[in-house]
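File shown: coords.txt. Contents: compact mmCIF, C-alpha atoms.
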```txt
# COMPACT_ATOMS: atom_id res chain seq x y z
CA MET A 1 -57.49 218.18 -142.77
CA LEU A 2 -57.77 219.98 -139.42
CA ARG A 3 -60.42 222.32 -140.84
CA THR A 4 -62.38 219.30 -142.02
CA VAL A 5 -62.27 217.68 -138.56
CA VAL A 6 -63.35 220.91 -136.89
CA ALA A 7 -66.16 221.40 -139.38
CA CYS A 8 -67.38 217.85 -138.80
CA ALA A 9 -67.27 218.35 -135.05
CA VAL A 10 -69.29 221.56 -135.29
CA LEU A 11 -71.81 219.86 -137.56
CA SER A 12 -72.13 216.95 -135.12
CA LEU A 13 -72.79 219.33 -132.23
CA ALA A 14 -75.36 221.23 -134.27
CA GLU A 15 -77.16 218.03 -135.19
CA SER A 16 -77.31 216.90 -131.56
CA ALA A 17 -78.31 220.28 -130.08
CA TRP A 18 -81.61 220.35 -128.21
CA VAL A 19 -84.44 222.01 -130.10
CA ALA A 20 -87.49 222.67 -127.95
CA PRO A 21 -90.83 221.54 -129.42
CA TRP A 22 -93.34 224.10 -130.69
CA PHE A 23 -95.61 223.74 -127.69
CA CYS A 24 -92.98 225.26 -125.38
CA HIS A 25 -93.72 228.57 -127.15
CA GLY A 26 -90.20 229.89 -126.67
CA LEU A 27 -90.08 229.21 -122.92
CA ASP A 28 -87.45 227.02 -121.24
CA CYS A 29 -88.73 223.45 -121.01
CA PRO A 30 -87.14 220.11 -120.05
CA GLU A 31 -84.81 218.39 -122.47
CA TYR A 32 -85.60 214.90 -123.69
CA VAL A 33 -84.76 212.38 -126.39
CA MET A 34 -87.52 210.87 -128.47
CA GLU A 35 -87.09 207.09 -128.37
CA LYS A 36 -89.94 206.05 -130.66
CA ASN A 37 -93.62 206.47 -131.43
CA MET A 38 -96.40 203.92 -131.09
CA THR A 39 -99.64 204.23 -133.05
CA PHE A 40 -103.02 203.03 -131.86
CA GLY A 41 -105.61 203.75 -134.53
CA ASN A 42 -105.43 207.53 -135.03
CA GLN A 43 -103.60 208.13 -131.75
CA THR A 44 -99.80 208.45 -131.48
CA ILE A 45 -98.07 207.71 -128.18
CA GLU A 46 -94.55 209.11 -127.81
CA MET A 47 -91.81 207.37 -125.86
CA ARG A 48 -89.44 209.94 -124.37
CA GLN A 49 -86.41 209.87 -122.12
CA TYR A 50 -85.86 213.06 -120.14
CA THR A 51 -82.30 214.02 -119.29
CA ALA A 52 -81.25 213.16 -115.73
CA GLN A 53 -80.54 215.75 -113.03
CA GLN A 54 -82.98 218.37 -114.32
CA LYS A 55 -84.34 220.62 -111.57
CA TRP A 56 -87.91 221.58 -110.72
CA THR A 57 -89.45 223.94 -108.20
CA SER A 58 -92.05 221.79 -106.44
CA THR A 59 -94.81 221.81 -103.87
CA THR A 60 -97.05 219.04 -102.56
CA VAL A 61 -100.81 219.38 -102.12
CA MET A 62 -103.12 216.84 -100.50
CA SER A 63 -106.60 216.95 -102.03
CA THR A 64 -109.48 214.98 -103.54
CA SER A 65 -109.56 217.40 -106.50
CA LEU A 66 -107.05 217.81 -109.31
CA SER A 67 -108.42 221.29 -110.03
CA GLN A 68 -108.06 222.42 -106.42
CA ALA A 69 -104.56 220.97 -106.12
CA ASP A 70 -103.56 222.65 -109.37
CA SER A 71 -104.84 226.03 -108.17
CA THR A 72 -103.19 225.80 -104.74
CA GLY A 73 -99.88 224.47 -106.05
CA PHE A 74 -99.70 226.94 -108.93
CA GLN A 75 -100.22 229.92 -106.63
CA ARG A 76 -97.44 228.79 -104.27
CA LEU A 77 -95.03 228.37 -107.16
CA PHE A 78 -96.09 231.60 -108.87
CA ASP A 79 -95.42 233.46 -105.63
CA TYR A 80 -91.95 231.89 -105.56
CA ILE A 81 -91.03 232.99 -109.11
CA SER A 82 -92.54 236.43 -108.42
CA GLY A 83 -89.97 237.03 -105.67
CA ASP A 84 -91.13 235.06 -102.64
CA ASN A 85 -87.64 233.60 -102.31
CA GLN A 86 -84.35 234.40 -100.61
CA GLY A 87 -83.04 237.45 -102.44
CA SER A 88 -86.48 238.42 -103.78
CA VAL A 89 -85.39 237.34 -107.26
CA SER A 90 -87.85 237.35 -110.16
CA VAL A 91 -87.55 233.94 -111.87
CA PRO A 92 -88.67 233.55 -115.51
CA MET A 93 -91.76 231.46 -116.23
CA THR A 94 -91.13 228.12 -117.90
CA CYS A 95 -93.22 225.19 -119.03
CA PRO A 96 -94.76 222.78 -118.45
CA VAL A 97 -96.56 223.00 -115.15
CA ARG A 98 -96.10 219.34 -114.20
CA GLU A 99 -98.33 217.52 -111.74
CA TYR A 100 -97.41 214.10 -110.40
CA ILE A 101 -100.55 212.36 -109.20
CA GLN A 102 -100.40 209.62 -106.56
CA PRO A 103 -104.01 208.45 -106.13
CA GLY A 104 -105.47 208.01 -102.67
CA ALA A 105 -106.50 204.65 -101.23
CA GLY A 106 -110.23 205.17 -101.73
CA PRO A 107 -112.81 207.46 -103.37
CA ASN A 108 -113.02 209.86 -100.41
CA CYS A 109 -109.31 209.79 -99.56
CA ASN A 110 -106.90 212.56 -100.39
CA SER A 111 -104.54 212.02 -103.29
CA THR A 112 -101.00 213.44 -103.32
CA PHE A 113 -100.34 216.03 -106.02
CA THR A 114 -96.79 217.25 -106.58
CA VAL A 115 -97.07 220.43 -108.64
CA ALA A 116 -93.84 221.66 -110.23
CA PHE A 117 -92.45 224.47 -112.39
CA TYR A 118 -89.41 223.62 -114.51
CA VAL A 119 -86.33 225.52 -113.33
CA PRO A 120 -84.97 227.88 -116.05
CA TYR A 121 -81.92 226.79 -118.06
CA LYS A 122 -79.67 229.36 -116.38
CA TYR A 123 -80.03 227.32 -113.17
CA GLN A 124 -79.85 223.86 -114.76
CA SER A 125 -76.33 222.65 -113.97
CA ALA A 126 -76.92 219.35 -115.81
CA LEU A 127 -77.44 221.30 -119.05
CA ASN A 128 -75.45 224.48 -118.56
CA ALA A 129 -71.82 224.52 -117.42
CA SER A 130 -72.13 228.13 -116.27
CA ALA A 131 -75.37 227.57 -114.33
CA THR A 132 -75.83 229.12 -110.92
CA ALA A 133 -77.99 227.80 -108.09
CA PRO A 134 -81.67 228.77 -108.23
CA PRO A 135 -82.97 231.11 -105.52
CA LYS A 136 -83.91 229.29 -102.33
CA PRO A 137 -87.64 229.36 -101.56
CA ALA A 138 -88.74 231.54 -98.67
CA LYS A 139 -91.58 229.18 -97.71
CA SER A 140 -91.16 225.66 -96.33
CA ASP A 141 -93.86 224.22 -98.59
CA VAL A 142 -91.82 224.98 -101.75
CA SER A 143 -88.53 223.27 -102.61
CA THR A 144 -86.09 222.65 -105.44
CA THR A 145 -86.22 219.00 -106.48
CA VAL A 146 -84.17 216.99 -108.97
CA ASP A 147 -85.11 214.16 -111.32
CA VAL A 148 -82.04 212.16 -110.32
CA LYS A 149 -82.32 209.46 -112.97
CA PRO A 150 -83.36 209.74 -116.62
CA LEU A 151 -87.15 209.74 -116.71
CA ARG A 152 -88.65 207.45 -119.37
CA VAL A 153 -92.31 208.12 -120.08
CA ALA A 154 -95.09 207.23 -122.47
CA VAL A 155 -96.78 210.46 -123.54
CA LEU A 156 -100.28 211.13 -124.81
CA GLY A 157 -100.74 214.70 -126.02
CA PHE A 158 -104.04 216.46 -126.50
CA SER A 159 -105.37 219.92 -127.34
CA GLY A 160 -108.14 222.15 -126.03
CA MET A 161 -109.03 223.06 -122.49
CA ALA A 162 -108.27 220.56 -119.72
CA PRO A 163 -110.83 220.44 -116.91
CA GLN A 164 -110.43 217.58 -114.44
CA ASP A 165 -112.80 215.17 -116.18
CA VAL A 166 -111.01 215.60 -119.53
CA VAL A 167 -107.59 215.05 -117.93
CA ILE A 168 -108.76 211.86 -116.21
CA GLN A 169 -110.36 210.64 -119.44
CA HIS A 170 -107.08 211.03 -121.34
CA ALA A 171 -105.12 209.37 -118.53
CA ALA A 172 -107.45 206.38 -118.69
CA GLU A 173 -107.03 206.34 -122.47
CA LEU A 174 -103.24 206.15 -122.19
CA TYR A 175 -103.46 203.33 -119.64
CA THR A 176 -105.78 201.43 -121.99
CA TYR A 177 -103.22 201.70 -124.80
CA LEU A 178 -100.34 200.65 -122.55
CA SER A 179 -102.27 197.61 -121.31
CA THR A 180 -102.17 196.16 -124.84
CA THR A 181 -98.34 196.29 -125.00
CA ASN A 182 -95.51 194.35 -123.37
CA LEU A 183 -94.13 197.51 -121.76
CA LYS A 184 -93.53 197.72 -118.02
CA TYR A 185 -95.03 200.89 -116.59
CA ASP A 186 -96.28 202.54 -113.41
CA GLU A 187 -99.82 201.25 -112.97
CA GLU A 188 -100.71 203.62 -110.12
CA ASN A 189 -99.11 207.05 -110.48
CA TRP A 190 -99.05 209.40 -113.46
CA PHE A 191 -98.23 212.93 -114.60
CA PHE A 192 -100.30 215.73 -116.11
CA SER A 193 -98.24 218.39 -117.90
CA ALA A 194 -99.78 221.66 -119.10
CA TYR A 195 -97.96 224.07 -121.41
CA ASP A 196 -100.34 227.03 -121.80
CA PRO A 197 -101.59 230.05 -119.88
CA PRO A 198 -105.32 229.90 -119.08
CA PHE A 199 -106.32 232.51 -121.66
CA ARG A 200 -104.62 230.92 -124.68
CA ILE A 201 -107.51 229.69 -126.83
CA VAL A 202 -105.86 228.08 -129.87
CA ASN A 203 -102.78 225.87 -130.23
CA ARG A 204 -103.16 224.58 -126.69
CA HIS A 205 -101.20 221.49 -125.69
CA GLN A 206 -101.40 219.20 -122.67
CA GLU A 207 -99.89 215.81 -121.98
CA ILE A 208 -100.38 212.73 -119.83
CA TRP A 209 -97.14 210.95 -118.89
CA VAL A 210 -96.80 207.45 -117.48
CA GLU A 211 -93.36 206.33 -116.31
CA LEU A 212 -91.85 203.36 -118.13
CA PHE A 213 -89.60 200.80 -116.47
CA ASP A 214 -86.79 198.70 -117.95
```
Take the structure I supplied and represent it as structure tokens, if you would.
Amino acid sequence: MLRTVVACAVLSLAESAWVAPWFCHGLDCPEYVMEKNMTFGNQTIEMRQYTAQQKWTSTTVMSTSLSQADSTGFQRLFDYISGDNQGSVSVPMTCPVREYIQPGAGPNCNSTFTVAFYVPYKYQSALNASATAPPKPAKSDVSTTVDVKPLRVAVLGFSGMAPQDVVIQHAAELYTYLSTTNLKYDEENWFFSAYDPPFRIVNRHQEIWVELFD
């Protein structure tokens, strides 16, 4: 009887264990639960809930250009994981590169872009009981941030390259789909998440996220 209970417990843990999606390509990426899918014609929108207390290494860039903000923010964060931190520790690359976009007040006003690298699992205390603290950034414009609450998002995924006009087009597409539902969502701010290095040609994957509210 005891063996049966233990076997059932092990099976339950195995069934509930996090399995990263294919587009993480073997890199550490944030854990989430799939709530449901919604279909609009040929397009599927995923509803996800990301586990609370997951850490990111983040930097904020003020700009009128998504491409410029991405380049500036990425370089700051890449310097950090390459050893520009207290202890000069090399931190493994993860995915996605997540950008939180808070649009400016007008067409010629700067928008606020928070560019973030996911912190590797070995530093994620919410997921790993033996986690240690991530290295502290050496520069004041880089910090470790935490998604304090579970993050519920509607997700539109797409393939191919992602220049600024394509990203904005897909963001507008997701907002159009959400406007036809009864869901409560952030009507101003949104996320762009990219999972691939610039020179990957096939099997590319990017996502637009819009936060959902209860």
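From atom CA of A:Ala194 back to atom CA of A:Phe23, the distance works out to 9.8 Å.
The closest residue to A:Asn85, picked from A:Asp70, A:Asp141, A:Asp165, A:Glu211 and counting all atoms listed in the file, is A:Asp141.
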Can you tell me, as AutoDock Vina command-line options, the centre and edge lengths (Å, one decimal) of the axis-aligned box enclosing all of stretch 144-160 of chain A's listed atoms after padding each side by 4 Å?
```
--center_x -95.1 --center_y 214.9 --center_z -116.4 --size_x 34.1 --size_y 23.4 --size_z 29.9
```
- Item | Atom pair atom CA of A:Tyr100 / atom CA of A:Asp28: separation (Å) | 19.6 Å
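Of note, atom CA of A:Leu212 and atom CA of A:Met47 are spaced 8.7 Å apart.
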- Taking all atoms listed in the file into account, which of A:Phe78, A:Phe199, A:Phe213, A:Phe158 comes nearest A:Tyr185? A:Phe213
- Message: If we draw a sphere of 12 Å around (-89.4, 206.0, -118.6), which residues have at least one atom in it when counting all atoms listed in the file? Please report them as a PyMOL selection string.
- Response: chain A and resi 32-35+46-52+147+149-155+183-186+190-191+209-214
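Of the residues listed (A:Val119, A:Val148, A:Ala129, A:Ile168), A:Ile168 shows the shortest atom-to-atom separation from A:Ile208; distances use all atoms listed in the file.
The residue that comes closest to A:Glu207, out of A:Ile45, A:Val91, A:Ala131, A:Ala138 and on the basis of only C-alpha atoms, is A:Ile45.
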- Query: Pick the closest to A:Ser88 from A:Pro134, A:Pro30, A:Pro107, A:Pro163: which is it, counting all atoms listed in the file?
  - Reply: A:Pro134
- Query: A:Pro92: which residues within 8 Å, counting all atoms listed in the file, same-chain residues fewer than 2 positions away excluded, as a PyMOL selection string?
  - Reply: chain A and resi 81+90+94+120
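Shortest separation to A:Asp84 among A:Ser67, A:Gly104, A:Lys139, A:Thr72 occurs at residue A:Lys139, atoms counted being only C-alpha atoms.
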Please output stretch 128-164 of chain A, rebuilt to include N, CA and C atoms, as an mmCIF file, keeping the file's coordinate frame.
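What ended up in result32.cif:
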```
data_model
loop_
_atom_site.group_PDB
_atom_site.id
_atom_site.type_symbol
_atom_site.label_atom_id
_atom_site.label_comp_id
_atom_site.auth_asym_id
_atom_site.auth_seq_id
_atom_site.Cartn_x
_atom_site.Cartn_y
_atom_site.Cartn_z
ATOM 1 N N ASN A 128 -76.126 223.211 -118.359
ATOM 2 C CA ASN A 128 -75.450 224.480 -118.560
ATOM 3 C C ASN A 128 -74.238 224.559 -117.636
ATOM 4 N N ALA A 129 -73.045 224.541 -118.215
ATOM 5 C CA ALA A 129 -71.820 224.520 -117.420
ATOM 6 C C ALA A 129 -71.642 225.788 -116.593
ATOM 7 N N SER A 130 -72.267 226.881 -117.006
ATOM 8 C CA SER A 130 -72.130 228.130 -116.270
ATOM 9 C C SER A 130 -73.349 228.411 -115.372
ATOM 10 N N ALA A 131 -74.154 227.386 -115.132
ATOM 11 C CA ALA A 131 -75.370 227.570 -114.330
ATOM 12 C C ALA A 131 -75.045 227.965 -112.903
ATOM 13 N N THR A 132 -75.913 228.777 -112.330
ATOM 14 C CA THR A 132 -75.830 229.120 -110.920
ATOM 15 C C THR A 132 -76.981 228.439 -110.181
ATOM 16 N N ALA A 133 -76.933 228.447 -108.863
ATOM 17 C CA ALA A 133 -77.990 227.800 -108.090
ATOM 18 C C ALA A 133 -79.266 228.639 -108.145
ATOM 19 N N PRO A 134 -80.419 228.005 -108.233
ATOM 20 C CA PRO A 134 -81.670 228.770 -108.230
ATOM 21 C C PRO A 134 -81.905 229.404 -106.864
ATOM 22 N N PRO A 135 -82.670 230.483 -106.815
ATOM 23 C CA PRO A 135 -82.970 231.110 -105.520
ATOM 24 C C PRO A 135 -83.653 230.117 -104.575
ATOM 25 N N LYS A 136 -83.284 230.176 -103.310
ATOM 26 C CA LYS A 136 -83.910 229.290 -102.330
ATOM 27 C C LYS A 136 -85.305 229.812 -101.979
ATOM 28 N N PRO A 137 -86.279 228.911 -101.911
ATOM 29 C CA PRO A 137 -87.640 229.360 -101.560
ATOM 30 C C PRO A 137 -87.675 229.964 -100.165
ATOM 31 N N ALA A 138 -88.559 230.934 -99.988
ATOM 32 C CA ALA A 138 -88.740 231.540 -98.670
ATOM 33 C C ALA A 138 -89.698 230.735 -97.816
ATOM 34 N N LYS A 139 -90.565 229.950 -98.435
ATOM 35 C CA LYS A 139 -91.580 229.180 -97.710
ATOM 36 C C LYS A 139 -91.179 227.708 -97.636
ATOM 37 N N SER A 140 -91.541 227.060 -96.545
ATOM 38 C CA SER A 140 -91.160 225.660 -96.330
ATOM 39 C C SER A 140 -91.941 224.686 -97.204
ATOM 40 N N ASP A 141 -93.061 225.127 -97.774
ATOM 41 C CA ASP A 141 -93.860 224.220 -98.590
ATOM 42 C C ASP A 141 -93.467 224.248 -100.070
ATOM 43 N N VAL A 142 -92.378 224.948 -100.389
ATOM 44 C CA VAL A 142 -91.820 224.980 -101.750
ATOM 45 C C VAL A 142 -90.365 224.560 -101.674
ATOM 46 N N SER A 143 -89.918 223.742 -102.622
ATOM 47 C CA SER A 143 -88.530 223.270 -102.610
ATOM 48 C C SER A 143 -88.031 223.062 -104.033
ATOM 49 N N THR A 144 -86.707 223.022 -104.161
ATOM 50 C CA THR A 144 -86.090 222.650 -105.440
ATOM 51 C C THR A 144 -85.838 221.158 -105.415
ATOM 52 N N THR A 145 -86.381 220.446 -106.390
ATOM 53 C CA THR A 145 -86.220 219.000 -106.480
ATOM 54 C C THR A 145 -85.491 218.640 -107.773
ATOM 55 N N VAL A 146 -84.971 217.425 -107.827
ATOM 56 C CA VAL A 146 -84.170 216.990 -108.970
ATOM 57 C C VAL A 146 -84.669 215.623 -109.433
ATOM 58 N N ASP A 147 -84.862 215.484 -110.744
ATOM 59 C CA ASP A 147 -85.110 214.160 -111.320
ATOM 60 C C ASP A 147 -83.755 213.470 -111.435
ATOM 61 N N VAL A 148 -83.404 212.690 -110.435
ATOM 62 C CA VAL A 148 -82.040 212.160 -110.320
ATOM 63 C C VAL A 148 -81.689 211.267 -111.501
ATOM 64 N N LYS A 149 -82.584 210.392 -111.866
ATOM 65 C CA LYS A 149 -82.320 209.460 -112.970
ATOM 66 C C LYS A 149 -83.028 209.950 -114.243
ATOM 67 N N PRO A 150 -82.587 209.448 -115.401
ATOM 68 C CA PRO A 150 -83.360 209.740 -116.620
ATOM 69 C C PRO A 150 -84.802 209.258 -116.434
ATOM 70 N N LEU A 151 -85.739 210.064 -116.846
ATOM 71 C CA LEU A 151 -87.150 209.740 -116.710
ATOM 72 C C LEU A 151 -87.699 209.283 -118.054
ATOM 73 N N ARG A 152 -88.072 208.004 -118.146
ATOM 74 C CA ARG A 152 -88.650 207.450 -119.370
ATOM 75 C C ARG A 152 -90.169 207.426 -119.211
ATOM 76 N N VAL A 153 -90.862 208.023 -120.178
ATOM 77 C CA VAL A 153 -92.310 208.120 -120.080
ATOM 78 C C VAL A 153 -92.975 207.826 -121.420
ATOM 79 N N ALA A 154 -94.180 207.277 -121.332
ATOM 80 C CA ALA A 154 -95.090 207.230 -122.470
ATOM 81 C C ALA A 154 -95.945 208.481 -122.392
ATOM 82 N N VAL A 155 -96.150 209.143 -123.528
ATOM 83 C CA VAL A 155 -96.780 210.460 -123.540
ATOM 84 C C VAL A 155 -97.962 210.476 -124.494
ATOM 85 N N LEU A 156 -99.110 210.876 -123.982
ATOM 86 C CA LEU A 156 -100.280 211.130 -124.810
ATOM 87 C C LEU A 156 -100.566 212.617 -124.778
ATOM 88 N N GLY A 157 -100.473 213.274 -125.931
ATOM 89 C CA GLY A 157 -100.740 214.700 -126.020
ATOM 90 C C GLY A 157 -102.160 214.963 -126.493
ATOM 91 N N PHE A 158 -102.714 216.089 -126.037
ATOM 92 C CA PHE A 158 -104.040 216.460 -126.500
ATOM 93 C C PHE A 158 -104.186 217.971 -126.471
ATOM 94 N N SER A 159 -105.170 218.476 -127.204
ATOM 95 C CA SER A 159 -105.370 219.920 -127.340
ATOM 96 C C SER A 159 -106.625 220.341 -126.592
ATOM 97 N N GLY A 160 -106.927 221.630 -126.663
ATOM 98 C CA GLY A 160 -108.140 222.150 -126.030
ATOM 99 C C GLY A 160 -107.950 222.418 -124.554
ATOM 100 N N MET A 161 -109.054 222.807 -123.928
ATOM 101 C CA MET A 161 -109.030 223.060 -122.490
ATOM 102 C C MET A 161 -108.928 221.723 -121.741
ATOM 103 N N ALA A 162 -108.542 221.803 -120.463
ATOM 104 C CA ALA A 162 -108.270 220.560 -119.720
ATOM 105 C C ALA A 162 -108.885 220.595 -118.331
ATOM 106 N N PRO A 163 -110.215 220.608 -118.232
ATOM 107 C CA PRO A 163 -110.830 220.440 -116.910
ATOM 108 C C PRO A 163 -110.544 219.043 -116.374
ATOM 109 N N GLN A 164 -110.798 218.837 -115.100
ATOM 110 C CA GLN A 164 -110.430 217.580 -114.440
ATOM 111 C C GLN A 164 -110.965 216.348 -115.143
#
```
